[in-house]
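This report refers to the structure that appears directly beneath it.
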Amino acid sequence: TLKPLAEDDTHSLLAALLPGAQFEPRLYADIIEKAAGNPFYLEEVVRTLQDSGAVVQNPDGSWTVVPEKVAAIQVPSTLQAAIVARIDRLAEDSRQALQKASVIGRQFQLAVFRELAKADAKIDSWLAELERGGLLRPEHAPDADYAFPDALVHEVAYNSLLVKHRREFHRTIGETLESLYADKLDAHCDLLAYHFHRSDDNESAVKYLEMAAKKARNEYANLTAIERYKELLERREQQGDQKGQANALYQMGVIAYEIGDYAHARPWLERAVALYEAIDDQANVGWSVMYVGMIDLKQAHY
């Protein structure tokens, strides 16, 4: 477990980030108090001071405080607020580019980003600004060209988008990935399920959630399979599809039974029974009831 920095270490870190900077005592105390020993917060405050011109670097590498600009600085109360402030200082195009990149994921491919941004000529300058600001970094991985440096930066950028726009972007990303992985959809069905489930495309969401759930189950990733079936159940409920709901609940119940999670398996299977009875699917009523009986048998409830 990482513990907060001791106060002396907090002072040392701030001195190392801005060597030579002499702050007015009240402002200095405010920064130290709000940091609460979090080094990431200190880095964000330092970026705020640098970006706003409240501190300027001298030729020898030391820093000088600019009093009139420091006076206008509002020290962010939380780390999230500090990140929001940094994103807000970006040029409008670069800010929107960062938000769109956040929808793709913590890591992303340039080809997918280009399709989402629809502005090839400007993309390189946007990425350069975001790199300089420490909001993105180049990544050298088979399926990623860029990455967010920290999960919290990614989360703040993503949450700054309107839900409606997120859904639209997730759909565009899903369609781009479908085209990109056309010959290997099975291998990438988890990623496709992630994006389409967060879009307004019900048909594609159901298709890839089912694929992802079956893939997880075949790989004995049982908890992941249950999560995908839960998401599928949510979609089936939105559609009012009773058979689809019953099938998802049945699969969840069977997997939970197989891993010994009887506390969840029973209510899921009992809900499946009720739905199968409502649509008069007696065969699946029988299978579901059988598993409920097997749970009782395993627990010696003769």
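A note on labels: chains of the structure tokens are A, B, ... as shown, every chain counts residues from 1, and ligands are counted from 1 in their shown order.
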Spatial neighbours of Cys189 in chain A, max dist 12 Å, only C-alpha atoms, sep filter under 4 positions, as an NGL selection string: :A and (174 or 177-178 or 181-185 or 193-197 or 204-216 or 228)
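Non-sequential neighbours of Gln74 in chain A (distance at most 10 Å, separation of 5 or more positions within a chain, only C-alpha atoms) are Leu27, Val45, Thr48 and Leu49 of chain A.
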Check range 5-157 of chain A with DSSP on the backbone and list each residue it calls helix (DSSP H, G or I), as a compact mmCIF listing (two decimals) with N, CA, C and O atoms, in the first residue's frame.
```txt
# COMPACT_ATOMS: atom_id res chain seq x y z
N GLU A 7 5.37 15.17 5.40
CA GLU A 7 5.39 16.60 5.07
C GLU A 7 6.77 17.05 4.59
O GLU A 7 6.89 17.82 3.64
N ASP A 8 7.82 16.55 5.21
CA ASP A 8 9.18 16.92 4.78
C ASP A 8 9.43 16.48 3.35
O ASP A 8 10.05 17.20 2.56
N ASP A 9 8.95 15.29 3.01
CA ASP A 9 9.14 14.79 1.64
C ASP A 9 8.32 15.59 0.64
O ASP A 9 8.73 15.79 -0.50
N THR A 10 7.14 16.05 1.07
CA THR A 10 6.32 16.89 0.20
C THR A 10 7.05 18.20 -0.11
O THR A 10 7.10 18.65 -1.26
N HIS A 11 7.65 18.80 0.91
CA HIS A 11 8.44 20.02 0.71
C HIS A 11 9.61 19.75 -0.25
O HIS A 11 9.88 20.54 -1.16
N SER A 12 10.27 18.61 -0.06
CA SER A 12 11.43 18.27 -0.90
C SER A 12 11.01 18.07 -2.36
O SER A 12 11.71 18.50 -3.28
N LEU A 13 9.87 17.42 -2.57
CA LEU A 13 9.41 17.17 -3.94
C LEU A 13 9.07 18.48 -4.63
O LEU A 13 9.44 18.70 -5.79
N LEU A 14 8.35 19.36 -3.94
CA LEU A 14 7.99 20.65 -4.55
C LEU A 14 9.25 21.46 -4.88
O LEU A 14 9.34 22.08 -5.94
N ALA A 15 10.24 21.39 -3.99
CA ALA A 15 11.51 22.11 -4.23
C ALA A 15 12.24 21.52 -5.43
O ALA A 15 12.90 22.23 -6.19
N ALA A 16 12.11 20.20 -5.62
CA ALA A 16 12.78 19.54 -6.75
C ALA A 16 12.07 19.83 -8.07
O ALA A 16 12.70 19.93 -9.12
N LEU A 17 10.73 19.96 -8.01
CA LEU A 17 9.96 20.25 -9.22
C LEU A 17 10.15 21.70 -9.67
O LEU A 17 10.16 21.99 -10.87
N PRO A 25 4.17 32.79 1.63
CA PRO A 25 3.93 31.72 2.61
C PRO A 25 2.51 31.16 2.61
O PRO A 25 2.32 29.95 2.73
N ARG A 26 1.50 32.02 2.45
CA ARG A 26 0.11 31.53 2.49
C ARG A 26 -0.18 30.61 1.30
O ARG A 26 -0.83 29.56 1.45
N LEU A 27 0.29 30.98 0.12
CA LEU A 27 0.08 30.14 -1.06
C LEU A 27 0.84 28.82 -0.91
O LEU A 27 0.30 27.74 -1.22
N TYR A 28 2.07 28.89 -0.43
CA TYR A 28 2.88 27.69 -0.25
C TYR A 28 2.18 26.72 0.70
O TYR A 28 2.08 25.52 0.42
N ALA A 29 1.67 27.25 1.81
CA ALA A 29 0.98 26.40 2.80
C ALA A 29 -0.28 25.80 2.20
O ALA A 29 -0.64 24.65 2.49
N ASP A 30 -0.98 26.57 1.34
CA ASP A 30 -2.21 26.09 0.69
C ASP A 30 -1.90 24.90 -0.21
O ASP A 30 -2.61 23.89 -0.21
N ILE A 31 -0.81 25.01 -0.98
CA ILE A 31 -0.42 23.92 -1.88
C ILE A 31 -0.08 22.67 -1.08
O ILE A 31 -0.55 21.57 -1.39
N ILE A 32 0.73 22.83 -0.04
CA ILE A 32 1.16 21.68 0.76
C ILE A 32 -0.04 21.01 1.45
O ILE A 32 -0.17 19.79 1.47
N GLU A 33 -0.96 21.83 1.96
CA GLU A 33 -2.13 21.28 2.67
C GLU A 33 -3.03 20.50 1.71
O GLU A 33 -3.47 19.40 2.02
N LYS A 34 -3.30 21.09 0.54
CA LYS A 34 -4.21 20.42 -0.40
C LYS A 34 -3.57 19.19 -1.04
O LYS A 34 -4.27 18.27 -1.46
N ALA A 35 -2.25 19.18 -1.13
CA ALA A 35 -1.58 18.00 -1.70
C ALA A 35 -1.81 16.76 -0.85
O ALA A 35 -1.94 15.66 -1.38
N PRO A 39 1.90 12.92 -4.48
CA PRO A 39 2.87 13.50 -5.41
C PRO A 39 2.26 13.85 -6.76
O PRO A 39 2.68 14.80 -7.42
N PHE A 40 1.26 13.09 -7.19
CA PHE A 40 0.61 13.37 -8.47
C PHE A 40 -0.10 14.73 -8.42
O PHE A 40 -0.07 15.51 -9.38
N TYR A 41 -0.73 15.03 -7.30
CA TYR A 41 -1.39 16.33 -7.14
C TYR A 41 -0.36 17.45 -7.26
O TYR A 41 -0.59 18.46 -7.93
N LEU A 42 0.79 17.29 -6.60
CA LEU A 42 1.83 18.32 -6.67
C LEU A 42 2.28 18.56 -8.11
O LEU A 42 2.47 19.69 -8.54
N GLU A 43 2.44 17.46 -8.86
CA GLU A 43 2.85 17.60 -10.26
C GLU A 43 1.79 18.38 -11.06
O GLU A 43 2.13 19.21 -11.91
N GLU A 44 0.52 18.11 -10.79
CA GLU A 44 -0.54 18.81 -11.51
C GLU A 44 -0.56 20.30 -11.15
O GLU A 44 -0.76 21.15 -12.01
N VAL A 45 -0.35 20.64 -9.89
CA VAL A 45 -0.31 22.04 -9.48
C VAL A 45 0.88 22.74 -10.14
O VAL A 45 0.76 23.88 -10.62
N VAL A 46 2.01 22.06 -10.18
CA VAL A 46 3.19 22.63 -10.83
C VAL A 46 2.92 22.91 -12.31
O VAL A 46 3.28 23.96 -12.84
N ARG A 47 2.24 21.98 -12.98
CA ARG A 47 1.89 22.20 -14.39
C ARG A 47 0.96 23.42 -14.53
O ARG A 47 1.07 24.19 -15.48
N THR A 48 0.03 23.56 -13.59
CA THR A 48 -0.87 24.70 -13.61
C THR A 48 -0.07 26.00 -13.52
O THR A 48 -0.31 26.96 -14.27
N LEU A 49 0.87 26.04 -12.61
CA LEU A 49 1.69 27.24 -12.43
C LEU A 49 2.54 27.52 -13.67
O LEU A 49 2.67 28.67 -14.10
N GLN A 50 3.08 26.46 -14.25
CA GLN A 50 3.92 26.64 -15.44
C GLN A 50 3.10 27.08 -16.65
O GLN A 50 3.47 28.02 -17.36
N ASP A 51 1.98 26.41 -16.88
CA ASP A 51 1.15 26.71 -18.05
C ASP A 51 0.57 28.12 -18.00
O ASP A 51 0.35 28.75 -19.04
N PRO A 67 4.72 37.38 -9.27
CA PRO A 67 3.73 37.68 -8.23
C PRO A 67 2.34 38.02 -8.76
O PRO A 67 1.34 37.51 -8.23
N GLU A 68 2.25 38.88 -9.79
CA GLU A 68 0.91 39.29 -10.25
C GLU A 68 0.13 38.13 -10.86
O GLU A 68 -1.11 38.09 -10.78
N LYS A 69 0.83 37.15 -11.45
CA LYS A 69 0.12 36.01 -12.02
C LYS A 69 -0.20 34.97 -10.96
O LYS A 69 -1.24 34.32 -11.00
N VAL A 70 0.68 34.80 -10.01
CA VAL A 70 0.41 33.87 -8.90
C VAL A 70 -0.81 34.32 -8.12
O VAL A 70 -1.62 33.51 -7.67
N LEU A 79 -7.28 16.54 -6.79
CA LEU A 79 -6.49 16.10 -7.93
C LEU A 79 -7.34 16.15 -9.21
O LEU A 79 -6.88 16.60 -10.26
N GLN A 80 -8.60 15.68 -9.12
CA GLN A 80 -9.48 15.72 -10.29
C GLN A 80 -9.65 17.14 -10.80
O GLN A 80 -9.62 17.39 -12.01
N ALA A 81 -9.84 18.08 -9.87
CA ALA A 81 -10.01 19.48 -10.27
C ALA A 81 -8.76 20.00 -10.95
O ALA A 81 -8.84 20.80 -11.91
N ALA A 82 -7.60 19.57 -10.49
CA ALA A 82 -6.34 19.99 -11.11
C ALA A 82 -6.23 19.48 -12.54
O ALA A 82 -5.80 20.20 -13.45
N ILE A 83 -6.66 18.23 -12.77
CA ILE A 83 -6.61 17.65 -14.12
C ILE A 83 -7.63 18.34 -15.03
O ILE A 83 -7.34 18.66 -16.19
N VAL A 84 -8.84 18.59 -14.49
CA VAL A 84 -9.86 19.31 -15.27
C VAL A 84 -9.34 20.68 -15.70
O VAL A 84 -9.51 21.09 -16.85
N ALA A 85 -8.68 21.36 -14.78
CA ALA A 85 -8.15 22.69 -15.09
C ALA A 85 -7.11 22.61 -16.21
O ALA A 85 -7.07 23.46 -17.10
N ARG A 86 -6.29 21.57 -16.18
CA ARG A 86 -5.26 21.43 -17.22
C ARG A 86 -5.91 21.15 -18.57
O ARG A 86 -5.50 21.70 -19.60
N ILE A 87 -6.93 20.30 -18.59
CA ILE A 87 -7.63 20.00 -19.85
C ILE A 87 -8.33 21.25 -20.38
O ILE A 87 -8.32 21.53 -21.59
N ASP A 88 -8.91 22.03 -19.47
CA ASP A 88 -9.62 23.25 -19.89
C ASP A 88 -8.69 24.29 -20.50
O ASP A 88 -9.13 25.14 -21.27
N GLU A 92 -9.28 24.49 -28.03
CA GLU A 92 -10.54 23.77 -28.19
C GLU A 92 -10.37 22.49 -29.01
O GLU A 92 -10.87 21.42 -28.63
N ASP A 93 -9.68 22.56 -30.14
CA ASP A 93 -9.50 21.38 -30.99
C ASP A 93 -8.73 20.27 -30.26
O ASP A 93 -9.09 19.10 -30.35
N SER A 94 -7.68 20.66 -29.55
CA SER A 94 -6.88 19.66 -28.83
C SER A 94 -7.68 19.05 -27.68
O SER A 94 -7.56 17.85 -27.40
N ARG A 95 -8.49 19.86 -27.02
CA ARG A 95 -9.33 19.34 -25.92
C ARG A 95 -10.32 18.31 -26.45
O ARG A 95 -10.49 17.23 -25.87
N GLN A 96 -10.96 18.61 -27.58
CA GLN A 96 -11.90 17.67 -28.16
C GLN A 96 -11.20 16.40 -28.64
O GLN A 96 -11.73 15.29 -28.51
N ALA A 97 -9.98 16.56 -29.16
CA ALA A 97 -9.21 15.39 -29.59
C ALA A 97 -8.91 14.48 -28.40
O ALA A 97 -9.01 13.25 -28.50
N LEU A 98 -8.55 15.07 -27.26
CA LEU A 98 -8.26 14.29 -26.06
C LEU A 98 -9.51 13.55 -25.58
O LEU A 98 -9.44 12.38 -25.20
N GLN A 99 -10.65 14.23 -25.61
CA GLN A 99 -11.89 13.60 -25.19
C GLN A 99 -12.24 12.41 -26.09
O GLN A 99 -12.65 11.35 -25.62
N LYS A 100 -12.08 12.60 -27.40
CA LYS A 100 -12.38 11.51 -28.33
C LYS A 100 -11.43 10.34 -28.11
O LYS A 100 -11.85 9.18 -28.14
N ALA A 101 -10.16 10.65 -27.89
CA ALA A 101 -9.18 9.59 -27.63
C ALA A 101 -9.56 8.80 -26.38
O ALA A 101 -9.39 7.58 -26.32
N SER A 102 -10.11 9.49 -25.38
CA SER A 102 -10.48 8.83 -24.12
C SER A 102 -11.58 7.80 -24.32
O SER A 102 -11.67 6.82 -23.59
N VAL A 103 -12.44 8.02 -25.33
CA VAL A 103 -13.52 7.08 -25.60
C VAL A 103 -12.96 5.78 -26.18
O VAL A 103 -13.48 4.70 -25.91
N ILE A 104 -11.88 5.88 -26.93
CA ILE A 104 -11.27 4.68 -27.50
C ILE A 104 -10.75 3.78 -26.39
O ILE A 104 -10.91 2.57 -26.41
N LEU A 110 -3.61 4.70 -33.69
CA LEU A 110 -3.71 5.95 -34.44
C LEU A 110 -4.76 5.85 -35.55
O LEU A 110 -5.49 6.80 -35.81
N ALA A 111 -4.86 4.67 -36.17
CA ALA A 111 -5.83 4.49 -37.27
C ALA A 111 -7.26 4.69 -36.77
O ALA A 111 -8.08 5.31 -37.46
N VAL A 112 -7.56 4.19 -35.58
CA VAL A 112 -8.90 4.35 -35.01
C VAL A 112 -9.13 5.81 -34.65
O VAL A 112 -10.21 6.37 -34.89
N PHE A 113 -8.13 6.45 -34.08
CA PHE A 113 -8.25 7.86 -33.70
C PHE A 113 -8.47 8.74 -34.93
O PHE A 113 -9.28 9.66 -34.92
N ARG A 114 -7.75 8.46 -36.02
CA ARG A 114 -7.92 9.25 -37.25
C ARG A 114 -9.35 9.14 -37.77
O ARG A 114 -9.95 10.11 -38.21
N GLU A 115 -9.91 7.94 -37.70
CA GLU A 115 -11.28 7.74 -38.18
C GLU A 115 -12.27 8.51 -37.32
O GLU A 115 -13.24 9.08 -37.81
N LEU A 116 -12.01 8.55 -36.02
CA LEU A 116 -12.91 9.24 -35.10
C LEU A 116 -12.77 10.76 -35.22
O LEU A 116 -13.75 11.49 -35.16
N ALA A 117 -11.53 11.23 -35.40
CA ALA A 117 -11.28 12.67 -35.44
C ALA A 117 -11.67 13.31 -36.76
O ALA A 117 -12.04 14.49 -36.81
N ASP A 120 -7.37 14.58 -40.65
CA ASP A 120 -6.00 14.09 -40.74
C ASP A 120 -4.95 15.19 -40.70
O ASP A 120 -3.90 15.04 -40.09
N ALA A 121 -5.22 16.31 -41.35
CA ALA A 121 -4.21 17.36 -41.48
C ALA A 121 -3.81 17.94 -40.13
O ALA A 121 -2.67 18.38 -39.95
N LYS A 122 -4.72 17.97 -39.18
CA LYS A 122 -4.45 18.61 -37.90
C LYS A 122 -4.07 17.64 -36.79
O LYS A 122 -3.62 18.05 -35.72
N ILE A 123 -4.26 16.35 -37.03
CA ILE A 123 -4.07 15.37 -35.96
C ILE A 123 -2.67 15.41 -35.37
O ILE A 123 -2.49 15.37 -34.15
N ASP A 124 -1.66 15.51 -36.22
CA ASP A 124 -0.28 15.51 -35.72
C ASP A 124 -0.01 16.68 -34.78
O ASP A 124 0.67 16.52 -33.76
N SER A 125 -0.56 17.85 -35.10
CA SER A 125 -0.34 19.01 -34.22
C SER A 125 -1.11 18.85 -32.91
O SER A 125 -0.62 19.23 -31.84
N TRP A 126 -2.30 18.25 -32.96
CA TRP A 126 -3.05 17.99 -31.72
C TRP A 126 -2.27 17.04 -30.83
O TRP A 126 -2.12 17.27 -29.63
N LEU A 127 -1.81 15.94 -31.43
CA LEU A 127 -1.08 14.94 -30.64
C LEU A 127 0.20 15.53 -30.05
O LEU A 127 0.56 15.23 -28.90
N ALA A 128 0.86 16.39 -30.83
CA ALA A 128 2.08 17.02 -30.32
C ALA A 128 1.78 17.89 -29.11
O ALA A 128 2.53 17.87 -28.11
N GLU A 129 0.68 18.66 -29.16
CA GLU A 129 0.32 19.51 -28.02
C GLU A 129 -0.03 18.66 -26.79
O GLU A 129 0.37 18.98 -25.67
N LEU A 130 -0.74 17.57 -27.02
CA LEU A 130 -1.14 16.70 -25.91
C LEU A 130 0.07 15.98 -25.31
O LEU A 130 0.14 15.77 -24.09
N GLU A 131 1.04 15.63 -26.14
CA GLU A 131 2.29 15.04 -25.64
C GLU A 131 3.07 16.05 -24.81
O GLU A 131 3.55 15.74 -23.72
N ARG A 132 3.19 17.27 -25.34
CA ARG A 132 3.94 18.31 -24.60
C ARG A 132 3.31 18.58 -23.24
O ARG A 132 3.99 18.86 -22.26
N ALA A 151 -4.44 6.52 -15.30
CA ALA A 151 -5.85 6.14 -15.40
C ALA A 151 -6.78 7.30 -15.03
O ALA A 151 -7.86 7.44 -15.59
N LEU A 152 -6.36 8.13 -14.07
CA LEU A 152 -7.21 9.23 -13.63
C LEU A 152 -7.35 10.30 -14.71
O LEU A 152 -8.43 10.87 -14.89
N VAL A 153 -6.26 10.57 -15.44
CA VAL A 153 -6.32 11.52 -16.55
C VAL A 153 -7.32 11.02 -17.59
O VAL A 153 -8.16 11.77 -18.10
N HIS A 154 -7.24 9.73 -17.89
CA HIS A 154 -8.17 9.12 -18.86
C HIS A 154 -9.61 9.24 -18.37
O HIS A 154 -10.51 9.62 -19.11
N GLU A 155 -9.84 8.94 -17.11
CA GLU A 155 -11.19 8.98 -16.54
C GLU A 155 -11.77 10.39 -16.57
O GLU A 155 -12.94 10.59 -16.94
N VAL A 156 -10.97 11.39 -16.20
CA VAL A 156 -11.45 12.78 -16.19
C VAL A 156 -11.79 13.23 -17.61
O VAL A 156 -12.82 13.87 -17.84
N ALA A 157 -10.93 12.90 -18.58
CA ALA A 157 -11.19 13.29 -19.97
C ALA A 157 -12.47 12.63 -20.48
O ALA A 157 -13.31 13.27 -21.14
```
What separation in Å, quoted to one decimal, exists between CA of Lys243 in chain A and CA of Trp268 in chain A? 14.0 Å
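Distance annotation: of A:Asp296, A:Asp150, A:Glu24, A:Glu231, the residue with the minimal separation from Tyr262 in chain A is A:Asp296; atom set is only C-alpha atoms.
For the residues A:Gly105, A:Gly133, A:Pro59, A:Pro4, ranking by smallest atom-to-atom distance to His170 in chain A using only C-alpha atoms places A:Gly105 first.
Residues of range 144-215 of chain A carrying a DSSP assignment of strand (DSSP E), computed from the backbone, are Ala144, Asp145, Tyr146 and Ala147 of chain A.
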Those residues you just picked out, can you put them in a file as an mmCIF file, in the first residue's frame with C-alpha atoms?
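And here's result39.cif as it stands now:
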```
data_model
loop_
_atom_site.group_PDB
_atom_site.id
_atom_site.type_symbol
_atom_site.label_atom_id
_atom_site.label_comp_id
_atom_site.auth_asym_id
_atom_site.auth_seq_id
_atom_site.Cartn_x
_atom_site.Cartn_y
_atom_site.Cartn_z
ATOM 1 C CA ALA A 144 -1.558 0.702 -29.395
ATOM 2 C CA ASP A 145 0.264 3.777 -30.709
ATOM 3 C CA TYR A 146 -0.636 6.158 -27.867
ATOM 4 C CA ALA A 147 -1.671 5.891 -24.227
#
```
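With only C-alpha atoms as the atoms that count, the minimum distance from Lys118 in chain A to the choices A:Trp63, A:His165, A:Thr172, A:Ser160 is reached by A:Thr172.
Proximity of A:Glu258, A:Val66, A:Asn159, A:Tyr276 to Asp241 in chain A, computed with only C-alpha atoms, is greatest for A:Tyr276.
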Rounded to one decimal, what separation in Å do you get between CA of Gln238 in chain A and CA of Glu219 in chain A? 28.5 Å
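The nearest approach to Glu227 in chain A among the residues A:Ser179, A:Ser77, A:Gln107, A:Gln251, with only C-alpha atoms taken into account, belongs to A:Gln251.
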Write out as a ChimeraX atom specification the residues lying within 8 Å of range 278-294 of chain A, counting only C-alpha atoms and excluding same-chain residues fewer than 6 positions away. /A:242-243,250,254,257,266,269-270,272
